[in-house]
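Report on the following structure.
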Amino acid sequence: MTDAMIGSAPRRIDGQRKVTGSAMYASDHHLKNMAYGYGVFSTVASGKIIGLELDAARKSPGVLEILHHGNFPSLYHNSTLPMSFAQILKAAKSDESRLPFEDDTVHYAGQFVALVVADTFEHARAAAYKIKVSYSKTDAVANLEQGLKAGALQDGSPNHTRGDAAAAFDSAAHSIDTTYSTPVETHNPMEMHATVASWEDGRLIVYEATQGVVAHRNSLAKIFGLIPEKVEVRAPFIGSGFGSKLWIWPHSVAACGAARVLNRPVQLVVPRQQMFTTTGHRPETRQRMRLATDDKGKLVSVRHESINTTSFTDPYKENCGTSTKSLYSCANVLVTHKIIEVNRGTPTSMRAPGAAPGLFALESAMDEMADKVGMDPLAFRKLNVSERDESQNLPWSSNHLQECIDKAAERFGWSKRNPTPGSMKDGTEIIGYGMAACNWDAYRTPAEAQVALRADGTAWAICGVQDIGTGTYTIVAQVVSSITGIPLDKIEVELGNSSFPPAPVSGGSWATASVLPAIAEATRQAVEQLKAFATAPKGVFAGAKAEQVSFEQGQLKSGDKTFAIADVLNAQKQGSAFGEAKTGMNDTSKHSFRSFGVHFVEVRWDSGISRLRVSRVVSAIDVGKVINQKTALNQVEGAIVMGVGMALFEATDFDERNGMPVNNNYAEYVVPVHADQPEIDVILLDYPDFELNEFGARGIGEIGITGLAAAVANAVSHATGKRIRDLPITLDKLMELPPTMKV
Amino acid sequence: MRAFDYVRANSVEQAVTTHAKSPTTFFLAGGTTLLDLVKLDIMPADQVIDVNHLSLKQIEVQKDGSVRIGALVSNTELAHHPHIVEHYAVLSQALLSGATTQLRNKATTAGNVMQRVRCNYFRDGYSPCNKREPGSGCAAIDGHNRSVHAVLGTSDQCIASHPSDMCVAMVAIGATVEVQGPKGKRSVDFADFHLLPGATPWKEHALLDDELITHVVLAAPLAGNTSAYLKLRDRASYQFALASSAVIVVMDGNTVREARVALGGVGTKPWRSLDAEQALKGQTLTPQTLEKVAAIALTGAKAYRHNAYKIALGQQAIVRNLGTLNA
């Protein structure tokens with residue numbers, strides 16, 4: 001393997017197609033005779049549909065069909081059984097298991113209640129606006145608070161207990177008992193969810209904005225009662241997903257159903273407003289933290305009890321306490337999760353599910369605990385970092401958190417921090433320094449791939465994984481190149497098709513760790529076939545044994561003779577040498593696999609104009625071996641910016657009177673713009689974790705957002721003396737308002 | 001999109017006489033508001049009169065020092081016009097604080113004057129909204145009203161804040177809106193152009209249905225003035241003001257000879273405070289004076305459930321802006 005390629009920083013091999021507009025996204029596909037759908041969405045959050053006035057819409061120009069609960073085809077439910085990683089390539093899963101138009105019940109605002117299909121998008125939309133729906137409304141459960149009053153908490157395990165956290169807390173030298181909350185956040189990928197469905201001779205062909213073509217194929221097969229091989233899902237390019245495109249949502253079933261009814265292709269794009277309602281979100285959480293230490297600051301009790309909202313249709317669990325179980329050493333730990341039903345669409349994974357809200361609570365609480373003990377927050381963390389996974393009683397596969405803390409602290413200049421809140425000033429601004437650990441699981445799933453080395457000097461690789469904008473195309477090519485010596489521009493990579501060798505959904509930061517071993521093994525198998533061609537009759541090394549032939553620097557060598565790949569193949573009139581591989585999971589019985597890191601954040605608070613800015617972030621992260629320096633840094637930097645949004649801006653607001661969303665657009669749902677981006681300095685430690693795979697690479701997509709909001713909150717506390725426990729940290733929460741003006 | 005009649009106007013006369021005198025006829029300029037709201041079915045167009053080809057694209061400095069701005073001058077062009085930059089810094093800054101480069105390239109002067117509110121309940125198409133559906137009520141008053149709702153000039157029928165930055169600068173500068181209808185031309189004082197919601201929040205401005213804005217005429221700049229626009233918001237760009245201020249000051253030594261103070265983001269219309277201006281005259285710009293003036297400007301403000309902070313933020317916008325004016 002040529003080490004120069006793995007760990008280098010090549011540009012994205014698909015970059016040119018993206019910037020020139022030739023990359024085709026789902027809704028770019030306009031098939032022959034295609035019709036266009038537009039949804040009618042519920043304008044109440046809870047109730048029953050009692051009437052649909054369709055006459056005006058039926059007469060509207062271009063309308064072909066109007067589907068609703070009275071006439072939509074009867075379909076099957078997707079599986080709701082628990083899914084193991086070993087079975088992930090067969091996975092069929094919906095976070096929202098209810099099918100669109102299944103009945104007359106409305107569970108949330110923005111639920112599909114009808115679908116107009118017309119000859120053009122504009123005709124479909126115009127007709128959809130003409131449909132009047134009458135509802136029998138019931139009182140909506142509009143938020144977590146109302147849920148607690150209206151319903152009963154349900155178990156949201158996995159939970160964890162060791163020791164006796166309550167007893168240790170009661171007898172501890174220092175303790176805190178604080179509650180944190182995070183709001184609903186919406187993924188808001190740039191590319192809207194979209195489906196282009198077409199039935200061809202009993203086969204269902206779908207272009208979908210999905211992070212998982214194989215899982216989407218499996219789900220459609222289950223729902224439509226088809227053999228999976230009769231369904232093909234294609235997603236060669238995805239305009240980001242952040243988790244919202246992991247699993248199938250109602251629009252895709254609606255589009256495929258409509259295409260079957262009409263017997264012609266149908267395109268359905270989810271409008272931006274409904275990207276906030278019917279395609280998942282990060283749920284609202286409330287998290288109670290009880291920490292206690294001995295007189296020297298060693299943790300003796302940790303309790304993390306979280307509640308998250310879910311829909312009335314499905315029990316989505318936001319596992320906020322996953323990191324709490326093991327990040328710090330403590331003998332007495334209790335982690336529980338509970339869920340409560342509200343009238344919102346079903347939540348789903350959003351970048352670092354569980355850990356992003358969970359580490360906001362844990363790492364805010366660690367800061368408050370350090371303050372209570374009277375220790376520097378950095379020293380307090382270093383004292384308590386766990387040297388092994390105490391929740392599983394296993395050693396870490398690799399953990400360099402202490403080094404992350406030291407390196408980032410030095411780069412950031414933490415030693416210049418005056419611990420007194422509000423003491424560091426610059427003109428009209430008060431500067432605050434805060435820090436927090438970041439933490440994320442390291443998974444590896446089964447994956448399959450095929451690679452061929454071609455007689456024209458090029459190679460191809462295919463795999464049913466996706467490039468969700470993260471650089472998967474490029475790192476797959478890097479692996480083929482590193483083994484064969486074939487330059488990147490001669491390697492053709494095709495991903496995002498469910499008919500390719502199956503691979504997992506691109507989520508959980510596991511695509512790199514799972515897929516690259518399959519690519520590497522398939523490449524080596526292709527080389528083996530090349531050797532077989534070489535030693536076969538008429539081959540360049542005819543009569544030699546395969547073990548006498550070596551592959552070096554892109555050439556076959558035996559004795560003092562070397563031949564290029566093309567020579568070997570041409571001697572046999574072969575077009576290519578082919579390899580395929582199926583690789584498995586890591587051994588989780590001997591090690592615990594996680595990634596670790598730390599953020600240091602500088603904020604500036606100008607109280608005269610109530611302006612809060614994140615001005616500087618230094619992060620050191622250990623994600624194992626970095627395959628591509630450029631795309632890896634992109635992932636962490638992007639996650640940090642998303643973390644700034646989580647900390648300062650993002651909240652999907654719902655009217656508490658009726659559960660309706662009130663800022664479901666790109667203007668009023670505030671995410672960071674370029675001008676909000678701090679100076680970002682990311683250190684990647686680059687220690688290979690060979691327990692996970694041959695490359696030593698763990699994932700990198702999610703860890704960067706974890707802990708960032710806590711680091712900001714901790715910096716804000718340092719700057720202003722105010723501890724904000726409810727995200728986002730908006731200016732009105734920091735303003736000194738007279739009592740009569742309190743918000 | 002619903003079907004509508006499209007007319008490309010070749011003259012102002014044609015534009016206004018073609019107008020069907022219906023509330024569902026709209027003039028199309030930059031389209032940055034209209035296209036969105038037509039697509040959302042909030043402005044259900046039956047007739048669209050495209051005025052983009054009219055010759056209303058000039059910025060003319062007139063003999064009396066006033067500046068006559070054609071209705072179709074883009075926000076970008078106006079913001080970067082050398083005469084505006086030099087004599088009306090507050091206007092240039094206000095324009096550049098609004099929206100994004102792409103939007104400012106399309107948005108026009110008259111279109112900015114005519115932009116609609118950002119109230120979520122107005123734009124959702126189903127909530128009670130007296131602007132969209134007179135008599136249906138106002139969902140915002142007891143609803144979610146943190147960001148795009150006002151504390152000044154509100155009524156029990158509507159509390160949506162006026163979204164424009166440009167208009168805040170214009171009301172401070174003093175301006176006249178020139179309009180033309182089938183019966184001829186007339187002028188409306190800029191301060192009277194936008195209407196308070198009162199009992200009729202669907203009446204947002206002084207235009208008749210078939211009248212078209214042709215120009216906005218800025219009053220001659222105050223001799224020796226210094227001016228600035230300060231916009232406060234959650235993120236650093238591309239957000240409507242939570243509170244903003246336009247200030248113009250003419251100093252006489254250390255004392256204020258003449259002053260203009262206007263607020264954005266907090267009012268149901270571009271909000272000029274004559275009382276605050278009066279309180280500044282003859283004063284030195286001490287911190288105490290600034291705070292007193294700011295408090296006067298927000299006198300009468302009414303807080304709603306989530307926007308009480310705007311009363312303080314509006315005052316901060318004035319204090320900081322006046323305090324850092326290089327006057």
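Residue numbering restarts at 1 for every chain of the structure tokens, chains are lettered A, B, ... in their displayed order, and ligands are numbered from 1 as they appear.
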Hey, list the chain B side of the contact with chain A: 10 Å cut-off, only C-alpha atoms, answer as a PyMOL selection string.
chain B and resi 1-3+39-41+99+118-121+123-127+139-140+142-148+230-240+243+303-321
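Within the 6 Å cut-off around stretch 65-76 of chain B, using only C-alpha atoms and omitting residues fewer than 5 positions from it on the same chain, the listed residues are Leu56, Lys57, Gln58, Ile59, Glu60, Arg104, Asn105, Ala107, Thr108, Thr109, Ala110, Thr214, His215, Val216, Val217, Leu218, Ala219 and Ala220 of chain B.
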Restrict the selected residues to C-alpha atoms and save them as a short mmCIF file (atom, residue, chain, number, x, y, z; two decimals), in the first residue's frame.
data_model
loop_
_atom_site.label_atom_id
_atom_site.label_comp_id
_atom_site.auth_asym_id
_atom_site.auth_seq_id
_atom_site.Cartn_x
_atom_site.Cartn_y
_atom_site.Cartn_z
CA LEU B 56 -37.55 54.59 -14.03
CA LYS B 57 -33.94 53.66 -13.43
CA GLN B 58 -32.29 57.04 -12.88
CA ILE B 59 -30.82 58.63 -9.78
CA GLU B 60 -30.99 62.41 -10.34
CA ARG B 104 -30.32 43.46 -3.43
CA ASN B 105 -29.36 43.09 -7.08
CA ALA B 107 -34.83 44.33 -5.33
CA THR B 108 -35.93 47.77 -6.40
CA THR B 109 -36.48 51.05 -4.57
CA ALA B 110 -40.25 51.04 -4.93
CA THR B 214 -42.62 56.18 -9.96
CA HIS B 215 -39.99 57.83 -7.78
CA VAL B 216 -38.85 58.42 -4.25
CA VAL B 217 -37.43 61.90 -3.73
CA LEU B 218 -35.00 62.30 -0.85
CA ALA B 219 -34.96 65.67 0.86
CA ALA B 220 -31.73 67.61 0.39
#
Near stretch 171-182 of chain A, counting only C-alpha atoms, which residues have an atom at most 6 Å away, once you skip same-chain residues fewer than 3 positions from it, shown as a list in words?
Ala168, Glu284, Thr285, Arg286, Gln287, Arg288, Met289, Arg290, Leu291, Ala292, Thr293, Asp294, Asp295, Ala361, Arg725, Asp726 and Leu727 of chain A
Residues from last step as file, C-alpha atoms, as a PDB file, in the first residue's frame:
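Result written to again.pdb:
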ATOM      1  CA  ALA A 168     -22.958   8.467  46.611  1.00  0.00           C
ATOM      2  CA  GLU A 284     -36.985  18.501  22.079  1.00  0.00           C
ATOM      3  CA  THR A 285     -35.101  17.262  25.146  1.00  0.00           C
ATOM      4  CA  ARG A 286     -35.074  17.934  28.865  1.00  0.00           C
ATOM      5  CA  GLN A 287     -32.122  16.557  30.777  1.00  0.00           C
ATOM      6  CA  ARG A 288     -31.574  16.480  34.512  1.00  0.00           C
ATOM      7  CA  MET A 289     -27.947  16.219  35.552  1.00  0.00           C
ATOM      8  CA  ARG A 290     -26.865  15.340  39.046  1.00  0.00           C
ATOM      9  CA  LEU A 291     -23.096  15.198  39.555  1.00  0.00           C
ATOM     10  CA  ALA A 292     -21.107  14.876  42.755  1.00  0.00           C
ATOM     11  CA  THR A 293     -17.410  14.761  43.611  1.00  0.00           C
ATOM     12  CA  ASP A 294     -15.199  14.072  46.569  1.00  0.00           C
ATOM     13  CA  ASP A 295     -13.281  16.928  48.177  1.00  0.00           C
ATOM     14  CA  ALA A 361     -26.023  18.810  29.143  1.00  0.00           C
ATOM     15  CA  ARG A 725     -29.186  25.940  30.320  1.00  0.00           C
ATOM     16  CA  ASP A 726     -31.802  26.228  27.588  1.00  0.00           C
ATOM     17  CA  LEU A 727     -30.663  26.315  23.973  1.00  0.00           C
TER      18      LEU A 727
END
Stretch 89-236 of chain B: which residues are alpha helix (DSSP H) by DSSP, as a PyMOL selection string?
chain B and resi 89-96+101-106+109-113+120-123+166-173+190-193
Which parts of stretch 113-239 of chain A does DSSP call strand (DSSP E or B) when run on the backbone here, written out as a PyMOL selection string?
chain A and resi 113-118+132-137+154-155+160-162+174-182+185+194-200+203-208+231-234
Go ahead and save the residues from that selection, with N, CA and C atoms, as a compact mmCIF listing (two decimals), in the first residue's frame.
# COMPACT_ATOMS: atom_id res chain seq x y z
N VAL A 113 -52.18 15.02 3.72
CA VAL A 113 -53.58 14.60 3.76
C VAL A 113 -54.12 14.34 2.35
N ALA A 114 -53.43 14.85 1.34
CA ALA A 114 -53.82 14.54 -0.04
C ALA A 114 -52.61 14.77 -0.94
N LEU A 115 -52.68 14.20 -2.13
CA LEU A 115 -51.61 14.41 -3.11
C LEU A 115 -52.26 14.67 -4.46
N VAL A 116 -51.96 15.84 -5.01
CA VAL A 116 -52.44 16.15 -6.35
C VAL A 116 -51.36 15.77 -7.35
N VAL A 117 -51.76 15.09 -8.40
CA VAL A 117 -50.81 14.78 -9.46
C VAL A 117 -51.30 15.43 -10.75
N ALA A 118 -50.41 16.19 -11.38
CA ALA A 118 -50.80 16.93 -12.59
C ALA A 118 -49.68 16.84 -13.63
N LYS A 132 -59.98 22.15 -0.13
CA LYS A 132 -60.33 22.56 1.23
C LYS A 132 -60.57 21.31 2.06
N VAL A 133 -59.86 21.25 3.16
CA VAL A 133 -59.96 20.09 4.05
C VAL A 133 -60.65 20.53 5.32
N SER A 134 -61.67 19.80 5.74
CA SER A 134 -62.25 20.12 7.05
C SER A 134 -61.85 19.05 8.05
N TYR A 135 -61.61 19.54 9.24
CA TYR A 135 -61.09 18.67 10.30
C TYR A 135 -62.02 18.72 11.50
N SER A 136 -62.07 17.63 12.21
CA SER A 136 -62.59 17.67 13.56
C SER A 136 -61.36 17.74 14.45
N LYS A 137 -61.13 18.92 15.01
CA LYS A 137 -59.88 19.17 15.73
C LYS A 137 -59.95 18.64 17.15
N GLN A 154 -42.81 7.16 28.70
CA GLN A 154 -42.55 5.77 28.36
C GLN A 154 -41.05 5.52 28.42
N ASP A 155 -40.71 4.26 28.61
CA ASP A 155 -39.30 3.91 28.69
C ASP A 155 -38.63 4.16 27.34
N HIS A 160 -28.64 2.62 31.80
CA HIS A 160 -27.39 2.07 32.36
C HIS A 160 -27.33 2.40 33.84
N THR A 161 -26.96 1.43 34.63
CA THR A 161 -26.76 1.64 36.06
C THR A 161 -25.50 0.92 36.50
N ARG A 162 -24.68 1.59 37.27
CA ARG A 162 -23.61 0.89 38.00
C ARG A 162 -23.43 1.60 39.34
N HIS A 174 -19.16 17.65 47.19
CA HIS A 174 -19.71 18.70 46.34
C HIS A 174 -20.73 18.09 45.40
N SER A 175 -21.76 18.84 45.08
CA SER A 175 -22.74 18.29 44.14
C SER A 175 -23.47 19.41 43.40
N ILE A 176 -23.99 19.08 42.26
CA ILE A 176 -24.89 19.98 41.53
C ILE A 176 -26.11 19.17 41.05
N ASP A 177 -27.19 19.90 40.87
CA ASP A 177 -28.44 19.29 40.39
C ASP A 177 -29.05 20.32 39.44
N THR A 178 -28.87 20.11 38.16
CA THR A 178 -29.28 21.12 37.18
C THR A 178 -30.05 20.45 36.04
N THR A 179 -30.88 21.25 35.37
CA THR A 179 -31.68 20.72 34.26
C THR A 179 -31.43 21.56 33.02
N TYR A 180 -31.23 20.89 31.91
CA TYR A 180 -30.92 21.54 30.64
C TYR A 180 -32.01 21.19 29.62
N SER A 181 -32.21 22.06 28.67
CA SER A 181 -33.18 21.72 27.62
C SER A 181 -32.64 22.11 26.26
N THR A 182 -33.05 21.34 25.28
CA THR A 182 -32.72 21.68 23.89
C THR A 182 -34.01 21.64 23.08
N GLU A 185 -34.80 20.86 16.59
CA GLU A 185 -33.98 21.40 15.51
C GLU A 185 -34.33 20.66 14.23
N ALA A 194 -36.85 14.54 -2.16
CA ALA A 194 -37.51 14.40 -3.45
C ALA A 194 -37.48 12.95 -3.91
N THR A 195 -38.52 12.58 -4.62
CA THR A 195 -38.63 11.23 -5.18
C THR A 195 -39.06 11.34 -6.64
N VAL A 196 -38.40 10.56 -7.49
CA VAL A 196 -38.88 10.36 -8.86
C VAL A 196 -39.10 8.86 -9.00
N ALA A 197 -40.35 8.48 -9.14
CA ALA A 197 -40.70 7.05 -9.13
C ALA A 197 -41.23 6.64 -10.48
N SER A 198 -40.77 5.49 -10.96
CA SER A 198 -41.35 5.00 -12.21
C SER A 198 -41.42 3.47 -12.18
N TRP A 199 -42.55 2.95 -12.62
CA TRP A 199 -42.76 1.49 -12.69
C TRP A 199 -42.53 1.05 -14.13
N GLU A 200 -41.59 0.11 -14.28
CA GLU A 200 -41.25 -0.37 -15.63
C GLU A 200 -41.32 -1.89 -15.63
N ARG A 203 -41.16 -3.53 -12.35
CA ARG A 203 -40.03 -3.08 -11.53
C ARG A 203 -40.25 -1.63 -11.13
N LEU A 204 -39.81 -1.29 -9.93
CA LEU A 204 -39.94 0.07 -9.44
C LEU A 204 -38.56 0.72 -9.43
N ILE A 205 -38.41 1.77 -10.22
CA ILE A 205 -37.13 2.49 -10.32
C ILE A 205 -37.33 3.85 -9.65
N VAL A 206 -36.48 4.17 -8.71
CA VAL A 206 -36.68 5.39 -7.92
C VAL A 206 -35.38 6.19 -7.84
N TYR A 207 -35.47 7.47 -8.18
CA TYR A 207 -34.41 8.42 -7.84
C TYR A 207 -34.84 9.09 -6.55
N GLU A 208 -34.01 9.01 -5.53
CA GLU A 208 -34.43 9.49 -4.22
C GLU A 208 -33.28 10.27 -3.57
N VAL A 231 -36.82 -3.75 -7.14
CA VAL A 231 -36.80 -2.31 -6.83
C VAL A 231 -35.37 -1.82 -6.98
N GLU A 232 -35.21 -0.69 -7.62
CA GLU A 232 -33.87 -0.09 -7.68
C GLU A 232 -33.97 1.37 -7.25
N VAL A 233 -33.13 1.73 -6.29
CA VAL A 233 -33.10 3.11 -5.78
C VAL A 233 -31.76 3.71 -6.13
N ARG A 234 -31.80 4.89 -6.69
CA ARG A 234 -30.58 5.55 -7.16
C ARG A 234 -30.41 6.90 -6.47
Long-range neighbours of A:Gln87 as number ranges by chain, 12 Å cut-off, only C-alpha atoms, 2 positions minimum in chain:
A: 81-85, 89-93, 215, 218, 445-447, 502-504, 584-585
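Minimum atom-to-atom distance to A:Pro517, evaluated using only C-alpha atoms, belongs to A:Ala697 out of A:Met435, A:Ala697, A:Ala532, A:Ala564.
For the pair atom CA of B:Ile141 and atom CA of B:Lys302, the interatomic distance is 11.2 Å.
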Neighbour list for B:Gly198 as an mmCIF file with N, CA and C atoms, in the first residue's frame, cut-off 12 Å, only C-alpha atoms, skip fewer than 6 positions in-chain:
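Full text of out.cif as output:
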data_model
loop_
_atom_site.group_PDB
_atom_site.id
_atom_site.type_symbol
_atom_site.label_atom_id
_atom_site.label_comp_id
_atom_site.auth_asym_id
_atom_site.auth_seq_id
_atom_site.Cartn_x
_atom_site.Cartn_y
_atom_site.Cartn_z
ATOM 1 N N ASN B 130 -55.605 39.350 10.131
ATOM 2 C CA ASN B 130 -56.441 40.451 9.624
ATOM 3 C C ASN B 130 -55.882 41.095 8.367
ATOM 4 N N LYS B 131 -54.599 40.941 8.153
ATOM 5 C CA LYS B 131 -54.011 41.480 6.923
ATOM 6 C C LYS B 131 -54.428 40.645 5.726
ATOM 7 N N LEU B 152 -44.015 49.017 18.807
ATOM 8 C CA LEU B 152 -44.478 50.387 18.584
ATOM 9 C C LEU B 152 -45.501 50.390 17.445
ATOM 10 N N GLY B 153 -46.583 51.121 17.653
ATOM 11 C CA GLY B 153 -47.554 51.258 16.567
ATOM 12 C C GLY B 153 -48.436 50.053 16.372
ATOM 13 N N THR B 154 -48.461 49.170 17.347
ATOM 14 C CA THR B 154 -49.277 47.969 17.206
ATOM 15 C C THR B 154 -50.736 48.282 17.541
ATOM 16 N N SER B 155 -51.621 47.384 17.184
ATOM 17 C CA SER B 155 -53.030 47.534 17.544
ATOM 18 C C SER B 155 -53.541 46.173 17.991
ATOM 19 N N ASP B 156 -54.772 46.121 18.417
ATOM 20 C CA ASP B 156 -55.313 44.816 18.803
ATOM 21 C C ASP B 156 -55.737 44.005 17.586
ATOM 22 N N GLN B 157 -55.383 44.524 16.381
ATOM 23 C CA GLN B 157 -55.706 43.805 15.148
ATOM 24 C C GLN B 157 -54.470 43.248 14.449
ATOM 25 N N CYS B 158 -53.298 43.815 14.762
ATOM 26 C CA CYS B 158 -52.074 43.421 14.035
ATOM 27 C C CYS B 158 -50.850 43.966 14.758
ATOM 28 N N ILE B 159 -49.808 43.120 14.838
ATOM 29 C CA ILE B 159 -48.553 43.569 15.475
ATOM 30 C C ILE B 159 -47.318 43.273 14.616
ATOM 31 N N ALA B 160 -47.534 42.975 13.344
ATOM 32 C CA ALA B 160 -46.386 42.648 12.481
ATOM 33 C C ALA B 160 -45.466 43.854 12.333
ATOM 34 N N GLU B 204 -52.065 48.877 4.087
ATOM 35 C CA GLU B 204 -50.675 49.007 4.538
ATOM 36 C C GLU B 204 -50.022 50.302 4.078
ATOM 37 N N THR B 268 -44.547 48.986 13.573
ATOM 38 C CA THR B 268 -45.397 48.437 12.521
ATOM 39 C C THR B 268 -45.224 49.214 11.221
ATOM 40 N N LYS B 269 -44.503 50.340 11.296
ATOM 41 C CA LYS B 269 -44.098 51.059 10.093
ATOM 42 C C LYS B 269 -42.719 51.626 10.370
#
With only C-alpha atoms as the counted atoms, please give the residues lying no more than 9 Å from A:Met190, apart from itself and same-chain residues fewer than 2 positions off, as a CSV table (one decimal) with N, CA and C atoms, in the first residue's frame.
chain,number,residue,atom,x,y,z
A,188,ASN,N,-32.7,20.6,7.7
A,188,ASN,CA,-32.6,21.6,6.6
A,188,ASN,C,-31.4,21.4,5.7
A,192,MET,N,-33.9,19.7,-1.1
A,192,MET,CA,-35.2,19.2,-0.6
A,192,MET,C,-35.3,17.7,-0.8
A,239,GLY,N,-27.8,16.3,-1.8
A,239,GLY,CA,-27.4,17.6,-1.4
A,239,GLY,C,-27.5,17.7,0.1
A,240,SER,N,-26.8,16.8,0.8
A,240,SER,CA,-26.7,16.7,2.2
A,240,SER,C,-28.0,16.1,2.8
A,241,GLY,N,-27.9,15.6,4.0
A,241,GLY,CA,-29.0,15.0,4.7
A,241,GLY,C,-29.0,15.2,6.2
